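Engineer: Have a look at this one.
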Amino acid sequence: MDNMSENEIRDYIFSSYGDDFLGLVEGVRPPISWQQNGFPTLSFFMRRSAEKKINRLIDALGSLSITAKELRLKKVADSTTRIDLFGNSEGDGLTIIELKKSNQTERQAFTELLGYANHFCSLFPGVSESCMTSVLVAPMENRVVRDAYTQELLINNKNIVAFVPNFEGDKLSLNAWYPKDTYYSWFEENIFRDESMLVVAISFPVIEGWFDTDLVSEDDAIPEYTKSALNTISSLIAGRLETEKLHSFVYARQMWGSVSQGFPYPNTIFVVCVNPFSSLRTSEADGEIVGASDSERLEAIQGLYDQFQDGGEENWIDSLEGAFRGMLIRNVKDEFEKCFIESGGKANISYDISSPLWSGIKANAIESVYVHNLDVYATGLIRDIYSEYMQYVLREKYDPIYYSDDLPKFFYQSQREWFPLWMILNGIGLDGDDE
């Protein structure tokens, strides 16, 4: 079978395993467990989340029915795009399989696979890639493919799974492929440190009857209509950041009424976002890329930096961070302004937008103590890691960072409280050198 061509392998899978694709699959890993002393690391939670998703996608292939081979999509010039194998899985919708036997063509196969998924999204408006599963069968020897696959799986949250074909005599098997453990080390604990967080704060005044302080209440509580409105704005901004694939949490706070009278803008929406260009993790000093980060990662960035010419390297890292900050501010500002569109156009509401230090907010009593902090809405990696963490501590019945042994009864009770998320992110963000 090792001498079979890609077309022959495709035909063999279609005819012999069209309704039993899972019968070819080997090497599915059992769920990982923490075997070391102390509490699990961020890289453990990242790996657990990724492998759980891969295993879910593989399980769904148990109901796969391959209904077509060489499925023609569209003709461009004199060439026709064809999907190797195509079918449906119960609960996971469309399944697209791209097969490449040689490592010389697997990069092309991966690009085509992503393109096929996008094509189906255009055929059925409203469909997203969450309604389909992309399957890559390839040697997975090309580093670009391995890195891109992991990025699509973890960061872009695609339903994508990879298998390495294995030939033994007249038997074909497909070995499930998982990212190497070393990949997760690039997500160091300090990615959640205060210095790694970028904040956008947007503040606005009291609007009588809509956004009132606790001064209008007899019990010193924010009126329910104000609380609902502030939470809705936070939720909408978080939804926007989710579509932009940003890793953040968003919450509203309102100053105590007794304090707010001295401030023009007592209502604030805080957006706290992982800054991928944080100077803590990546900075430049006399031509050398340094930072509290994995040495392999810093070497890779140094390799890029060394290729710049004619002064192009000057302030390169700073410019990346500046562009990211500008993008985040623009998204928050746009969504906030959208919230105040009213009949006849946009309401004339003044506001202030700033980018304070996260450590400064936490240490400022006016911002964090004499205030009502409302619901928190997490997105991307922060949501996923916090979810993995809370599932872990509920199973273990102990949390060393915040709850101790006084855990909430149900998982959902931990998902909107801002203080546990704040404290737990800070605890996860401590590395081995921190006390």
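To be explicit about the labels: the chains of the structure tokens are called A, B, and onward in the order shown, and within each one the residues are counted from 1, while ligands get numbers from 1 in the order they are shown.
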Counting only C-alpha atoms, what are the residues of range 221-260 of chain A within 9 Å of range 328-334 of chain A, and for each of them which pair of atoms is the nearest and at what distance in Å, to one decimal? Sort the table by chain and rising number, as JSON lines.

Structural biologist:
{"residue": "A:Ile237", "atom": "CA", "partner": "A:Val332", "partner_atom": "CA", "distance": 6.2}
{"residue": "A:Ala238", "atom": "CA", "partner": "A:Val332", "partner_atom": "CA", "distance": 8.9}
{"residue": "A:Arg240", "atom": "CA", "partner": "A:Asn331", "partner_atom": "CA", "distance": 7.3}
{"residue": "A:Leu241", "atom": "CA", "partner": "A:Asn331", "partner_atom": "CA", "distance": 7.4}
{"residue": "A:Glu244", "atom": "CA", "partner": "A:Asn331", "partner_atom": "CA", "distance": 8.8}
{"residue": "A:Leu246", "atom": "CA", "partner": "A:Leu328", "partner_atom": "CA", "distance": 8.9}

Engineer: Can you pull out every residue from range 70-275 of chain A that DSSP, working from the backbone, puts in alpha helix (DSSP H), and format the result as an MDAnalysis selection string?

Structural biologist: chainID A and resid 106:123 143:150 181:184 224:243 257:260

Engineer: List the neighbours of range 54-65 of chain A out to 6 Å using only C-alpha atoms; skip same-chain residues closer than 6 positions along the sequence, and give me the result as a list in words.

Structural biologist: Gly18, Asp19, Leu22, Gly87, Asn88, Ser89 and Glu90 of chain A

Engineer: Would you kindly return, as JSON, numbers by chain, each protein, DNA or RNA residue with an atom no farther than 8 Å from any atom of range 45-52 of chain A, considering only C-alpha atoms and excluding same-chain residues fewer than 5 positions away?

Structural biologist: {"A": [29, 31, 32, 40, 153, 154, 178, 181, 184, 384, 385, 388, 389]}

Engineer: Quote the spacing between CA of Gly322 in chain A and CA of Glu284 in chain A in Å to one decimal place.

Structural biologist: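 Result for CA of Gly322 in chain A versus CA of Glu284 in chain A: 14.9 Å, one decimal.
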
Engineer: Counting only C-alpha atoms, figure out which residue out of A:Phe410, A:Tyr183, A:Phe167, A:Tyr377 gets nearest to Val393 in chain A.

Structural biologist: A:Phe410

Engineer: Find, counting only C-alpha atoms, the residue in A:Pro179, A:Gly115, A:Pro276, A:Pro264 that gets nearest to Leu320 in chain A.

Structural biologist: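 The answer is A:Pro276, which sits nearest to Leu320 in chain A.
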
Engineer: For Asp11 in chain A, please output as a count of residues only all residues within 8 Å (counting only C-alpha atoms; exclusion window: fewer than 4 positions along the same chain).

Structural biologist: 3

Engineer: Can you measure CA of Lys362 in chain A to CA of Ala201 in chain A for me? One decimal in Å is fine.

Structural biologist: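 So the answer is 13.2 Å.
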
Engineer: Between CA of Ala221 in chain A and CA of Gln254 in chain A, what is the distance in Å, rounded to a tenth?

Structural biologist: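 These two atoms are separated by 10.6 Å.
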
Engineer: Measuring between only C-alpha atoms, which one of A:Arg416, A:Arg82, A:Arg72, A:Lys101 shows the shortest distance to Glu6 in chain A?

Structural biologist: A:Lys101

Engineer: Using only C-alpha atoms, which of A:Asn37, A:Thr133, A:Ser196, A:Ser235 sits nearest Ile97 in chain A?

Structural biologist: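 Nearest candidate to Ile97 in chain A out of A:Asn37, A:Thr133, A:Ser196, A:Ser235: A:Thr133.
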
Engineer: Using DSSP on the backbone, list every residue of range 10-109 of chain A that comes out as strand (DSSP E or B), and give them as JSON, numbers by chain.

Structural biologist: {"A": [25, 26, 65, 66, 67, 68, 69, 70, 71, 72, 73, 74, 75, 76, 79, 80, 81, 82, 83, 84, 85, 86, 87, 88, 89, 93, 94, 95, 96, 97, 98, 99]}

Engineer: What's around range 289-291 of chain A at 12 Å? Count only C-alpha atoms, leave out sequence neighbours fewer than 2 positions away in its own chain, and write the answer as a PyMOL selection string.

Structural biologist: chain A and resi 188+190-191+195-196+277-287+293-306+313+315-317

Engineer: Which residues are near Lys171 in chain A? Cut-off 12 Å, only C-alpha atoms, ignore same chain within fewer than 4 positions. Put them as a list in words.

Structural biologist: Met1, Asp2, Asn3, Met4, Ile9, Tyr12, Ile13, Ser16, Gly23, Leu24, Val25, Pro165, Asn166 and Phe167 of chain A

Engineer: For the selection just defined, write its residues with C-alpha atoms to a file, as a PDB file, in the first residue's frame.

Structural biologist:
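Written file, selection03.pdb:
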ATOM      1  CA  MET A   1       0.000   0.000   0.000  1.00  0.00           C
ATOM      2  CA  ASP A   2       2.993   2.307   0.501  1.00  0.00           C
ATOM      3  CA  ASN A   3       3.332   2.360  -3.292  1.00  0.00           C
ATOM      4  CA  MET A   4      -0.214   3.568  -3.818  1.00  0.00           C
ATOM      5  CA  ILE A   9      -5.486   6.057  -1.376  1.00  0.00           C
ATOM      6  CA  TYR A  12      -9.539   3.183  -1.138  1.00  0.00           C
ATOM      7  CA  ILE A  13     -10.809   5.326   1.763  1.00  0.00           C
ATOM      8  CA  SER A  16     -13.713   0.775   2.010  1.00  0.00           C
ATOM      9  CA  GLY A  23     -11.931   2.569  11.688  1.00  0.00           C
ATOM     10  CA  LEU A  24      -8.711   3.942  10.159  1.00  0.00           C
ATOM     11  CA  VAL A  25      -7.868   6.192  13.115  1.00  0.00           C
ATOM     12  CA  PRO A 165      -0.960   8.357   7.169  1.00  0.00           C
ATOM     13  CA  ASN A 166       0.914   5.227   8.139  1.00  0.00           C
ATOM     14  CA  PHE A 167       1.543   2.291   5.802  1.00  0.00           C
TER      15      PHE A 167
END
